[in-house]
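Q: Before I ask anything, let me first share the structure, which is written out below as structure tokens.
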Amino acid sequence: MPLDLILEQLLNGVQFSLMLFLLAAGLTLIFGVMDLINLAHGSLYMIGAYLTATFAPHVGFFPAVVLAILGTMLIGGLLEVTIIRRLYARTHLTQVLSTFALMLIANEVVRMIWGAQPIALSAPESLSQPVQLPGFKYSAYRLFIIAAGLGVGAGLYYLVNKTRVGMWLRAGASNREMTRAMGVKIGPLYTLIFALGAGLCALAGALLGPLLSVQVGMGENILILAFVVVVIGGIGSIKGAFIGSLLVGILDTAGRAFLPTWLTALFNPQLAGSFGPALASIAIYVLMAAVLFFKPRGLFPARGTG
Amino acid sequence: MHNFMKLAALTVLLSASALAQNAVKVGFVSTLSGPGSGLGVDARDGFNLALKHLGNKLGGLPVEISFSDDKQDADTARQAVDKAIKRDKVDFLTGIIFSNLLLAVGDTVFDSKTPYISLNAGPSQYAGSGCNAYFYNVAWQNDNLHEAMGKYVNSRKFSDVYILAPNYPAGKDALTGFKRFFKGKITAEVYTKVNQLDFAAEIAQIRAARPKAVYTFQPGGSGINFIKQYAEAGLLKEIPLFLPGFSADADVIKAVGPNMVGIFNTSQWAMELSNPTNAKFVADFKATYGRNPSLYAAQGYDAALLMSEAVKDVKGNLSDGAALRKALENTSFISTHGAFKFNKNHYPVQDIYLRQVAKVGGSIQNRLVGKVFSNHEDAYAKDRKMK
Amino acid sequence: MKRLLPFLLLALGLALPFILTAMGQEYYISFASRVLVVALAASALNLILGYGGLVSFGHAAYFGAGAYTAALLAGKGAGLPAQLLVGTGVAALLAFVFGWAALRTRGVYFIMITLALAQMLYYLAVSSDSLGGEDGLRISRAALWGDLTLGDDRAMYYTALTALTLGLFVIWRVVHSRFGEVVQAARDNETRTAALGYPVRRYQLVNFVIGGALAGLAGVLMTQISGFTNPSLLSWQQSGQFMMMVILGGVGTFWAGLLGTAVLLGLEEYLGEVTERWPLFVGLILLGVMLFAPKGLGSLGTLFGRKKKEVVE
């Protein structure tokens, strides 16, 4: 296999990873700090994509992304104040069922507003031409997603490790009661974090919208992947989410890119043809099971005690 | 004995007319919620529009229709069908979009001896040795549109074609259908994950393999993902992409936007087909629902027309099952794509067209390019053993 | 009253087909069979989740394993007893392997590893030709007695009722045995139970296997109700639905599985009749229940509530 193809596939893997990271970052923050399992995370992602698609024809792609982030943060904040904050003290199971209910409601509301058919969202004109890299051409828009993912990663790293809010965050993730005892106002902090998570969701939805179908329920399959990333990385850890998404994204892409070729070399093409995709589909779950088997609390557990 | 039979027949006839059915009951089970609901909603809207045009009557009798949502779940579909048969005692069943759901309800329907008018799903299982006297498909056999594209790509003399589909039965059937008529060289035959999100890896492989053309079938959201990413990678201009009609109809065009322009696809129906039925259907669909009709909508429309004709042929006497089935079998009416005719296995014999996505006026839609097949029959009809 | 409840419910269960027939609603007999079978699987999950304190997000794996085993056996001409026996056995074996691997972890990690294992099975079924891929496998209904098959609504209903009754009896016995006491003690305080000298993991594994086996039994019956099996029985959505039912019913209360299943499937059935926007209303009702009765419906009436216990993860 030529080297530039391997490089290109590696880049594809990184790009898919960073797509997942955008979604997983918010999920792991909310999960880690508020101890909330939020199935409605995928719904916020969907809302972000729909808002971007709605604004883009009127104001252009990039302003639409900003508006969608602001809009989704607002929706997220309102959701936190009215419903989500009643769930923090509840068991994980109550949270699961409640946020599942929110997911059903969000899907139906989106369907009422935008209809049952998928809606259009295209990449901006300025990023529509592929860029020449050494050895191969690569999509400018996918490079932009890589940049955005790295930017968000760096921003979050700065926020969590270098700012006061970040200190509360880390404190909250490792010991909630202690943080409260130290006089940090938990209420507004949680609203802020939830809104931040919603904003990250919206960014993910907005940036992935031009590559993926913008439709009702779009958040659900990708949500499972995001959970896999969060758990592999260790709950509450941004670094973990970053490494976790790289592992999942690259493994998944490599599985699809190279497995069929390898299997064809080993078995007959018929068998390889149907066995390959099956193996590629389960690869990430094997990875997660293996990680948890050896490191039962993920790669970078954030919380000191159980 | 002979007299007794006659008497019995007469009694049946009398009681039938005495009960003089005053309504046609239709059970419409389709995917009306969830990610696949766009298709079901289109089919239902098409069906409803036909009813409106027929003055809410089928063959002169008023209609009682019960819609139910199968939630794209096989067991829910089976329950909904069961309910329509047992509780509502419907005269016709229709509506299911997805083949795997249809296969799940088939036995229940056939045991009840209720005619099923399929407006979309056309699995091979019901086309050949397993075809059934109570099953009628008004759309196509699943392979048909793939076959047509195989023939067209073959006629363009492409030497290397890269084909890919998801790794499940419908995906394998799609590529088999394509290869049935494409005689050139297949560069690679690739199976992808079911419900795949990202196709960057596959697209890079395609680019590296330098085929002359690409054919793919990806259902629903995956199809939109693939086309968006293929276009976005700039490949559309380098390696032409060919699709079956249901991967490139109004719903997909609406979701992908201007990037779709130029894509070829095959369908038994097109917006510009000129016949009075289609003209009325297209104009009123746009006026009523504010969007372009898709082939699902056309198929829903045709399903209602077929029922109406059959009811008219038996003069509203629905109690005589054999006569009703005969009427369905021998039906002739002008569908959205011209004169309609069933094959012996109750799948249509029909023309299949080539369309290309283009800018027509202000909107992006399919443009009729030409005809690929005339009076095309599916590959399974010869194995028919009607039960 | 509380002592009488099981017998009242059983009497109601026995009489239901007659009541429905008298009301001219015979169609709902088949729906009721489905509720009973799903309730059996949900109750089995309640044993693992409610009493064992282990949140398994892969319960569909055992349900589906039972279903696929039965369908494969039916294809080879095996009768109902063989299907029940082998289907339950295969599910139990699978639960043993999966449980062994998953029990290394706790809490959220346990949720995710059980999910991962079930997803592997799902993708195997989707892409395997011999399992019918997405189309699944179709079966003809098993014969019961002479010409009577499980294709008959009433025969199916009473078979399902028998299975659920037996299943609930097994769960009752397990929960009230010394074994069950230890499992519940481990749920409430694992460290202390272990300190008392109990091999906690082994107890939990056995409990997990019992739950898996019962889910497998339910899976076998599900193929008989549907006449087919397909990968959606193995999907994470199916696992999620079992979980929703148990949570809705009231985690760790004896009737949670039955109550949650009856209410959730009943709501979907009823609202689905009224409007295609049913998910909106189901969502609103679930949210309402969780906000105002976080311990589930089982906690609402003392009639149903046995003992209220928090699940400690």
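To be explicit about the labels: the chains of the structure tokens are called A, B, and onward in the order shown, and within each one the residues are counted from 1, while ligands get numbers from 1 in the order they are shown.
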Within 10 Å of chain A, which residues of chain B show up when using only C-alpha atoms, listed as a PyMOL selection string?

A: chain B and resi 32-42+166-168+172+189-205+207-208+220-235+250-259

Q: Would you output that residue set with C-alpha atoms, as a short mmCIF file (atom, residue, chain, number, x, y, z; two decimals), in the first residue's frame?

A:
```cif
data_model
loop_
_atom_site.label_atom_id
_atom_site.label_comp_id
_atom_site.auth_asym_id
_atom_site.auth_seq_id
_atom_site.Cartn_x
_atom_site.Cartn_y
_atom_site.Cartn_z
CA LEU B 32 -44.18 7.64 10.46
CA SER B 33 -41.82 8.45 13.33
CA GLY B 34 -38.07 8.32 13.82
CA PRO B 35 -35.17 8.74 11.38
CA GLY B 36 -36.81 6.78 8.54
CA SER B 37 -40.07 8.67 8.73
CA GLY B 38 -39.33 10.99 5.80
CA LEU B 39 -40.00 8.08 3.45
CA GLY B 40 -43.19 6.94 5.14
CA VAL B 41 -44.55 10.47 5.35
CA ASP B 42 -43.93 11.00 1.61
CA PRO B 166 -23.71 -1.66 3.35
CA ASN B 167 -23.04 -5.13 4.65
CA TYR B 168 -26.62 -6.41 4.93
CA LYS B 172 -25.76 -7.34 -1.27
CA GLU B 189 -16.73 -4.53 -4.46
CA VAL B 190 -16.74 -3.06 -0.98
CA TYR B 191 -19.15 -3.61 1.89
CA THR B 192 -19.44 -0.84 4.47
CA LYS B 193 -20.85 -0.78 7.98
CA VAL B 194 -24.58 -0.54 8.49
CA ASN B 195 -25.58 3.04 9.46
CA GLN B 196 -22.10 4.36 8.77
CA LEU B 197 -21.38 8.00 9.58
CA ASP B 198 -17.99 8.76 8.13
CA PHE B 199 -16.86 7.59 4.70
CA ALA B 200 -13.50 9.36 4.50
CA ALA B 201 -11.61 6.06 4.54
CA GLU B 202 -13.69 4.55 1.73
CA ILE B 203 -13.46 7.75 -0.31
CA ALA B 204 -9.68 7.78 -0.01
CA GLN B 205 -9.58 4.17 -1.20
CA ARG B 207 -9.52 7.97 -5.09
CA ALA B 208 -6.47 5.74 -4.88
CA GLY B 220 -31.43 6.78 4.45
CA GLY B 221 -29.03 8.91 6.46
CA SER B 222 -25.95 6.94 5.39
CA GLY B 223 -26.75 7.74 1.76
CA ILE B 224 -26.89 11.44 2.51
CA ASN B 225 -23.65 11.18 4.48
CA PHE B 226 -21.92 9.42 1.60
CA ILE B 227 -23.05 11.83 -1.11
CA LYS B 228 -22.19 14.89 1.00
CA GLN B 229 -18.72 13.58 1.72
CA TYR B 230 -18.10 12.34 -1.82
CA ALA B 231 -19.02 15.75 -3.22
CA GLU B 232 -17.12 17.56 -0.52
CA ALA B 233 -13.98 15.57 -1.33
CA GLY B 234 -14.19 17.05 -4.82
CA LEU B 235 -14.54 13.61 -6.35
CA ALA B 250 -36.36 14.89 -3.72
CA ASP B 251 -35.70 14.05 -0.07
CA VAL B 252 -31.99 13.45 -0.62
CA ILE B 253 -31.62 16.45 -2.93
CA LYS B 254 -33.23 18.63 -0.29
CA ALA B 255 -30.72 17.38 2.27
CA VAL B 256 -27.57 17.60 0.15
CA GLY B 257 -28.30 20.75 -1.84
CA PRO B 258 -26.43 22.09 -4.89
CA ASN B 259 -23.64 19.51 -4.56
#
```

Q: Between chain B and chain C, at 9 Å or less, what are the per-residue closest atom pairs and their distances in Å? Count only C-alpha atoms, order by chain and rising residue number, and return it as JSON lines.

A:
```
{"residue": "B:Leu32", "atom": "CA", "partner": "C:Glu276", "partner_atom": "CA", "distance": 6.6}
{"residue": "B:Ser33", "atom": "CA", "partner": "C:Glu276", "partner_atom": "CA", "distance": 6.6}
{"residue": "B:Phe67", "atom": "CA", "partner": "C:Glu273", "partner_atom": "CA", "distance": 8.4}
{"residue": "B:Ser68", "atom": "CA", "partner": "C:Glu273", "partner_atom": "CA", "distance": 6.9}
{"residue": "B:Asp69", "atom": "CA", "partner": "C:Glu276", "partner_atom": "CA", "distance": 6.7}
{"residue": "B:Asp73", "atom": "CA", "partner": "C:Ser232", "partner_atom": "CA", "distance": 7.6}
{"residue": "B:Ala74", "atom": "CA", "partner": "C:Asn230", "partner_atom": "CA", "distance": 7.9}
{"residue": "B:Asp75", "atom": "CA", "partner": "C:Ser226", "partner_atom": "CA", "distance": 6.3}
{"residue": "B:Arg78", "atom": "CA", "partner": "C:Ser226", "partner_atom": "CA", "distance": 7.2}
{"residue": "B:Gln79", "atom": "CA", "partner": "C:Phe31", "partner_atom": "CA", "distance": 7.4}
{"residue": "B:Asp82", "atom": "CA", "partner": "C:Tyr27", "partner_atom": "CA", "distance": 7.5}
{"residue": "B:Lys83", "atom": "CA", "partner": "C:Tyr27", "partner_atom": "CA", "distance": 5.9}
{"residue": "B:Ile85", "atom": "CA", "partner": "C:Tyr27", "partner_atom": "CA", "distance": 8.9}
{"residue": "B:Lys86", "atom": "CA", "partner": "C:Tyr27", "partner_atom": "CA", "distance": 5.9}
{"residue": "B:Arg87", "atom": "CA", "partner": "C:Tyr27", "partner_atom": "CA", "distance": 5.9}
{"residue": "B:Ser99", "atom": "CA", "partner": "C:Asp135", "partner_atom": "CA", "distance": 7.8}
{"residue": "B:Asn100", "atom": "CA", "partner": "C:Asp135", "partner_atom": "CA", "distance": 4.7}
{"residue": "B:Leu101", "atom": "CA", "partner": "C:Asp135", "partner_atom": "CA", "distance": 7.8}
{"residue": "B:Leu103", "atom": "CA", "partner": "C:Asp135", "partner_atom": "CA", "distance": 7.2}
{"residue": "B:Ala104", "atom": "CA", "partner": "C:Phe228", "partner_atom": "CA", "distance": 6.6}
{"residue": "B:Val105", "atom": "CA", "partner": "C:Ser226", "partner_atom": "CA", "distance": 8.8}
{"residue": "B:Asp107", "atom": "CA", "partner": "C:Gly227", "partner_atom": "CA", "distance": 8.3}
{"residue": "B:Thr108", "atom": "CA", "partner": "C:Gly227", "partner_atom": "CA", "distance": 8.8}
{"residue": "B:Asn167", "atom": "CA", "partner": "C:Ser127", "partner_atom": "CA", "distance": 5.9}
{"residue": "B:Tyr168", "atom": "CA", "partner": "C:Gly133", "partner_atom": "CA", "distance": 5.6}
{"residue": "B:Pro169", "atom": "CA", "partner": "C:Gly133", "partner_atom": "CA", "distance": 6.2}
{"residue": "B:Ala170", "atom": "CA", "partner": "C:Glu134", "partner_atom": "CA", "distance": 8.5}
{"residue": "B:Lys193", "atom": "CA", "partner": "C:Ser127", "partner_atom": "CA", "distance": 8.7}
{"residue": "B:Val194", "atom": "CA", "partner": "C:Val126", "partner_atom": "CA", "distance": 8.1}
```

Q: Using only C-alpha atoms, which residues sit within 10 Å of range 192-209 of chain C once same-chain residues fewer than 6 positions away are excluded, as a ChimeraX atom specification?

A: /C:44-45,47-49,51-54,56,62,89,91-104,171,174-175,179-180,182-186,215

Q: Could you list, as a ChimeraX atom specification, every residue within 7 Å of range 128-143 of chain B, counting only C-alpha atoms and ignoring same-chain residues fewer than 6 positions away?

A: /B:110,113-122,173-174,177,299,302-303,345-348,378,380-387

Q: For a quick test of understanding: name the residues of chain C lying within 7 Å of chain A when counting only C-alpha atoms, and present them as a PyMOL selection string.

A: chain C and resi 104-105+109+113+116+120+123-124+127+244+247+277+279-280+283-284+286-287+290+294

Q: Could you please write out, as a PyMOL selection string, every residue of range 45-148 of chain C that DSSP assigns to helix (DSSP H, G or I)?

A: chain C and resi 45-51+60-75+80-102+107-127+133-135

Q: Would you save the residues from that selection as a PDB file, in the first residue's frame, using C-alpha atoms?

A:
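What follows is the written file out27.pdb:
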```pdb
ATOM      1  CA  LEU C  45     -33.085  -7.362  34.359  1.00  0.00           C
ATOM      2  CA  ASN C  46     -34.624  -6.127  37.595  1.00  0.00           C
ATOM      3  CA  LEU C  47     -33.027  -9.086  39.352  1.00  0.00           C
ATOM      4  CA  ILE C  48     -29.612  -7.991  38.068  1.00  0.00           C
ATOM      5  CA  LEU C  49     -30.153  -4.255  38.265  1.00  0.00           C
ATOM      6  CA  GLY C  50     -32.603  -3.782  41.094  1.00  0.00           C
ATOM      7  CA  TYR C  51     -31.568  -6.510  43.478  1.00  0.00           C
ATOM      8  CA  ALA C  60     -30.797  -7.485  24.898  1.00  0.00           C
ATOM      9  CA  ALA C  61     -27.828  -9.796  24.263  1.00  0.00           C
ATOM     10  CA  TYR C  62     -29.386 -12.603  26.332  1.00  0.00           C
ATOM     11  CA  PHE C  63     -32.890 -11.895  25.069  1.00  0.00           C
ATOM     12  CA  GLY C  64     -31.610 -11.997  21.488  1.00  0.00           C
ATOM     13  CA  ALA C  65     -29.387 -15.016  22.122  1.00  0.00           C
ATOM     14  CA  GLY C  66     -32.435 -16.967  23.275  1.00  0.00           C
ATOM     15  CA  ALA C  67     -34.399 -15.759  20.269  1.00  0.00           C
ATOM     16  CA  TYR C  68     -31.734 -16.595  17.694  1.00  0.00           C
ATOM     17  CA  THR C  69     -31.009 -19.986  19.255  1.00  0.00           C
ATOM     18  CA  ALA C  70     -34.694 -20.837  19.131  1.00  0.00           C
ATOM     19  CA  ALA C  71     -34.987 -19.649  15.528  1.00  0.00           C
ATOM     20  CA  LEU C  72     -31.994 -21.701  14.420  1.00  0.00           C
ATOM     21  CA  LEU C  73     -33.346 -24.773  16.217  1.00  0.00           C
ATOM     22  CA  ALA C  74     -36.813 -24.222  14.777  1.00  0.00           C
ATOM     23  CA  GLY C  75     -35.221 -24.121  11.336  1.00  0.00           C
ATOM     24  CA  LEU C  80     -40.755 -26.111  21.687  1.00  0.00           C
ATOM     25  CA  PRO C  81     -39.178 -27.990  24.634  1.00  0.00           C
ATOM     26  CA  ALA C  82     -35.814 -28.158  22.866  1.00  0.00           C
ATOM     27  CA  GLN C  83     -36.038 -24.499  21.915  1.00  0.00           C
ATOM     28  CA  LEU C  84     -36.868 -23.450  25.471  1.00  0.00           C
ATOM     29  CA  LEU C  85     -34.179 -25.591  27.009  1.00  0.00           C
ATOM     30  CA  VAL C  86     -31.340 -24.822  24.621  1.00  0.00           C
ATOM     31  CA  GLY C  87     -32.335 -21.162  24.185  1.00  0.00           C
ATOM     32  CA  THR C  88     -32.280 -20.591  27.929  1.00  0.00           C
ATOM     33  CA  GLY C  89     -29.051 -22.564  28.225  1.00  0.00           C
ATOM     34  CA  VAL C  90     -27.241 -20.603  25.542  1.00  0.00           C
ATOM     35  CA  ALA C  91     -28.360 -17.319  27.104  1.00  0.00           C
ATOM     36  CA  ALA C  92     -27.132 -18.508  30.494  1.00  0.00           C
ATOM     37  CA  LEU C  93     -23.778 -19.496  29.056  1.00  0.00           C
ATOM     38  CA  LEU C  94     -23.451 -16.168  27.311  1.00  0.00           C
ATOM     39  CA  ALA C  95     -24.381 -14.345  30.526  1.00  0.00           C
ATOM     40  CA  PHE C  96     -21.715 -16.320  32.307  1.00  0.00           C
ATOM     41  CA  VAL C  97     -18.988 -15.284  29.857  1.00  0.00           C
ATOM     42  CA  PHE C  98     -20.118 -11.655  29.570  1.00  0.00           C
ATOM     43  CA  GLY C  99     -20.777 -11.381  33.293  1.00  0.00           C
ATOM     44  CA  TRP C 100     -17.361 -12.781  34.107  1.00  0.00           C
ATOM     45  CA  ALA C 101     -15.687 -10.156  31.923  1.00  0.00           C
ATOM     46  CA  ALA C 102     -17.921  -7.265  32.995  1.00  0.00           C
ATOM     47  CA  GLY C 107     -20.733   1.656  38.053  1.00  0.00           C
ATOM     48  CA  VAL C 108     -20.698   3.452  34.761  1.00  0.00           C
ATOM     49  CA  TYR C 109     -17.882   1.270  33.482  1.00  0.00           C
ATOM     50  CA  PHE C 110     -19.999  -1.798  34.056  1.00  0.00           C
ATOM     51  CA  ILE C 111     -22.781  -0.144  32.056  1.00  0.00           C
ATOM     52  CA  MET C 112     -20.454   0.474  29.151  1.00  0.00           C
ATOM     53  CA  ILE C 113     -18.722  -2.888  29.083  1.00  0.00           C
ATOM     54  CA  THR C 114     -22.032  -4.745  29.062  1.00  0.00           C
ATOM     55  CA  LEU C 115     -23.094  -2.429  26.231  1.00  0.00           C
ATOM     56  CA  ALA C 116     -19.891  -3.151  24.312  1.00  0.00           C
ATOM     57  CA  LEU C 117     -20.312  -6.900  24.599  1.00  0.00           C
ATOM     58  CA  ALA C 118     -23.915  -6.734  23.440  1.00  0.00           C
ATOM     59  CA  GLN C 119     -23.007  -4.481  20.505  1.00  0.00           C
ATOM     60  CA  MET C 120     -20.507  -7.081  19.295  1.00  0.00           C
ATOM     61  CA  LEU C 121     -23.298  -9.632  19.155  1.00  0.00           C
ATOM     62  CA  TYR C 122     -25.535  -7.141  17.364  1.00  0.00           C
ATOM     63  CA  TYR C 123     -23.030  -6.481  14.591  1.00  0.00           C
ATOM     64  CA  LEU C 124     -22.370 -10.198  14.285  1.00  0.00           C
ATOM     65  CA  ALA C 125     -26.071 -10.809  13.674  1.00  0.00           C
ATOM     66  CA  VAL C 126     -26.421  -7.909  11.216  1.00  0.00           C
ATOM     67  CA  SER C 127     -23.547  -9.023   9.044  1.00  0.00           C
ATOM     68  CA  GLY C 133     -28.520 -10.353   8.424  1.00  0.00           C
ATOM     69  CA  GLU C 134     -30.913  -7.467   8.943  1.00  0.00           C
ATOM     70  CA  ASP C 135     -33.848  -9.538   7.625  1.00  0.00           C
TER      71      ASP C 135
END
```

Q: Can you tell me, as a ChimeraX atom specification, what residues are no more than 7 Å from Thr331 in chain B when counting only C-alpha atoms, ignoring any on the same chain fewer than 2 positions away?

A: /B:310,327-329,333,341

Q: The selected residues should be written to file as a PDB file, in the first residue's frame (atoms: C-alpha atoms).

A:
```
ATOM      1  CA  ALA B 310     -59.769  -3.048  -8.519  1.00  0.00           C
ATOM      2  CA  ALA B 327     -59.169  -7.634 -10.808  1.00  0.00           C
ATOM      3  CA  LEU B 328     -55.884  -6.641  -9.209  1.00  0.00           C
ATOM      4  CA  GLU B 329     -53.900  -9.016 -11.401  1.00  0.00           C
ATOM      5  CA  PHE B 333     -54.829   2.076 -15.233  1.00  0.00           C
ATOM      6  CA  LYS B 341     -49.222  -3.688 -15.886  1.00  0.00           C
TER       7      LYS B 341
END
```

Q: Fewer than 5 positions away in the same chain doesn't count, so skip those; otherwise give me all residues within 7 Å of range 181-191 of chain A, counting only C-alpha atoms, as a PyMOL selection string.

A: chain A and resi 77+80-81

Q: For Asn278 in chain B, find every residue with an atom within 12 Å (counting only C-alpha atoms), except residues of its own chain fewer than 3 positions away, and show them as a PyMOL selection string.

A: chain B and resi 46+50+269-275+281-285+293+295+297-299+301-302+305+334-339

Q: Generate a file of the selected residues that holds C-alpha atoms, formatted as a PDB file, in the first residue's frame.

A:
```pdb
ATOM      1  CA  GLY B  46     -48.948  10.658  -1.935  1.00  0.00           C
ATOM      2  CA  ALA B  50     -54.778  10.266  -4.531  1.00  0.00           C
ATOM      3  CA  TRP B 269     -40.841   7.544 -12.262  1.00  0.00           C
ATOM      4  CA  ALA B 270     -39.806  11.131 -12.973  1.00  0.00           C
ATOM      5  CA  MET B 271     -41.508  14.463 -12.392  1.00  0.00           C
ATOM      6  CA  GLU B 272     -41.645  15.342 -16.105  1.00  0.00           C
ATOM      7  CA  LEU B 273     -43.130  12.074 -17.352  1.00  0.00           C
ATOM      8  CA  SER B 274     -45.996  13.321 -19.448  1.00  0.00           C
ATOM      9  CA  ASN B 275     -49.285  11.689 -18.750  1.00  0.00           C
ATOM     10  CA  PHE B 281     -50.082  14.455  -9.168  1.00  0.00           C
ATOM     11  CA  VAL B 282     -46.947  16.599  -9.441  1.00  0.00           C
ATOM     12  CA  ALA B 283     -48.741  19.931  -9.582  1.00  0.00           C
ATOM     13  CA  ASP B 284     -51.095  19.188  -6.700  1.00  0.00           C
ATOM     14  CA  PHE B 285     -48.421  17.566  -4.546  1.00  0.00           C
ATOM     15  CA  PRO B 293     -42.746  14.871  -4.704  1.00  0.00           C
ATOM     16  CA  LEU B 295     -40.766   8.481  -5.941  1.00  0.00           C
ATOM     17  CA  ALA B 297     -44.985   9.812  -2.954  1.00  0.00           C
ATOM     18  CA  ALA B 298     -45.613   8.665  -6.541  1.00  0.00           C
ATOM     19  CA  GLN B 299     -45.726   5.058  -5.373  1.00  0.00           C
ATOM     20  CA  TYR B 301     -50.333   7.676  -5.185  1.00  0.00           C
ATOM     21  CA  ASP B 302     -50.217   4.657  -7.501  1.00  0.00           C
ATOM     22  CA  LEU B 305     -55.149   4.224  -7.835  1.00  0.00           C
ATOM     23  CA  ILE B 334     -52.750   5.120 -15.941  1.00  0.00           C
ATOM     24  CA  SER B 335     -50.271   5.411 -13.103  1.00  0.00           C
ATOM     25  CA  THR B 336     -47.904   8.288 -12.417  1.00  0.00           C
ATOM     26  CA  HIS B 337     -45.554   6.638 -14.901  1.00  0.00           C
ATOM     27  CA  GLY B 338     -48.042   5.645 -17.570  1.00  0.00           C
ATOM     28  CA  ALA B 339     -50.057   2.499 -18.268  1.00  0.00           C
TER      29      ALA B 339
END
```

Q: Would you compute the distance between CA of Thr288 in chain B and CA of Leu49 in chain B? Give it in Å to one decimal.

A: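 That distance, rounded to one decimal, is 8.3 Å.
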
Q: Based on the backbone DSSP call, show me all residues of range 81-304 of chain A assigned strand (DSSP E), as a PyMOL selection string.

A: chain A and resi 131-133+136-138

Q: If I take CA of Gln125 in chain B and CA of Leu145 in chain B, how far is one from the other in Å, to one decimal?

A: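 For CA of Gln125 in chain B relative to CA of Leu145 in chain B, the distance reads 17.1 Å.
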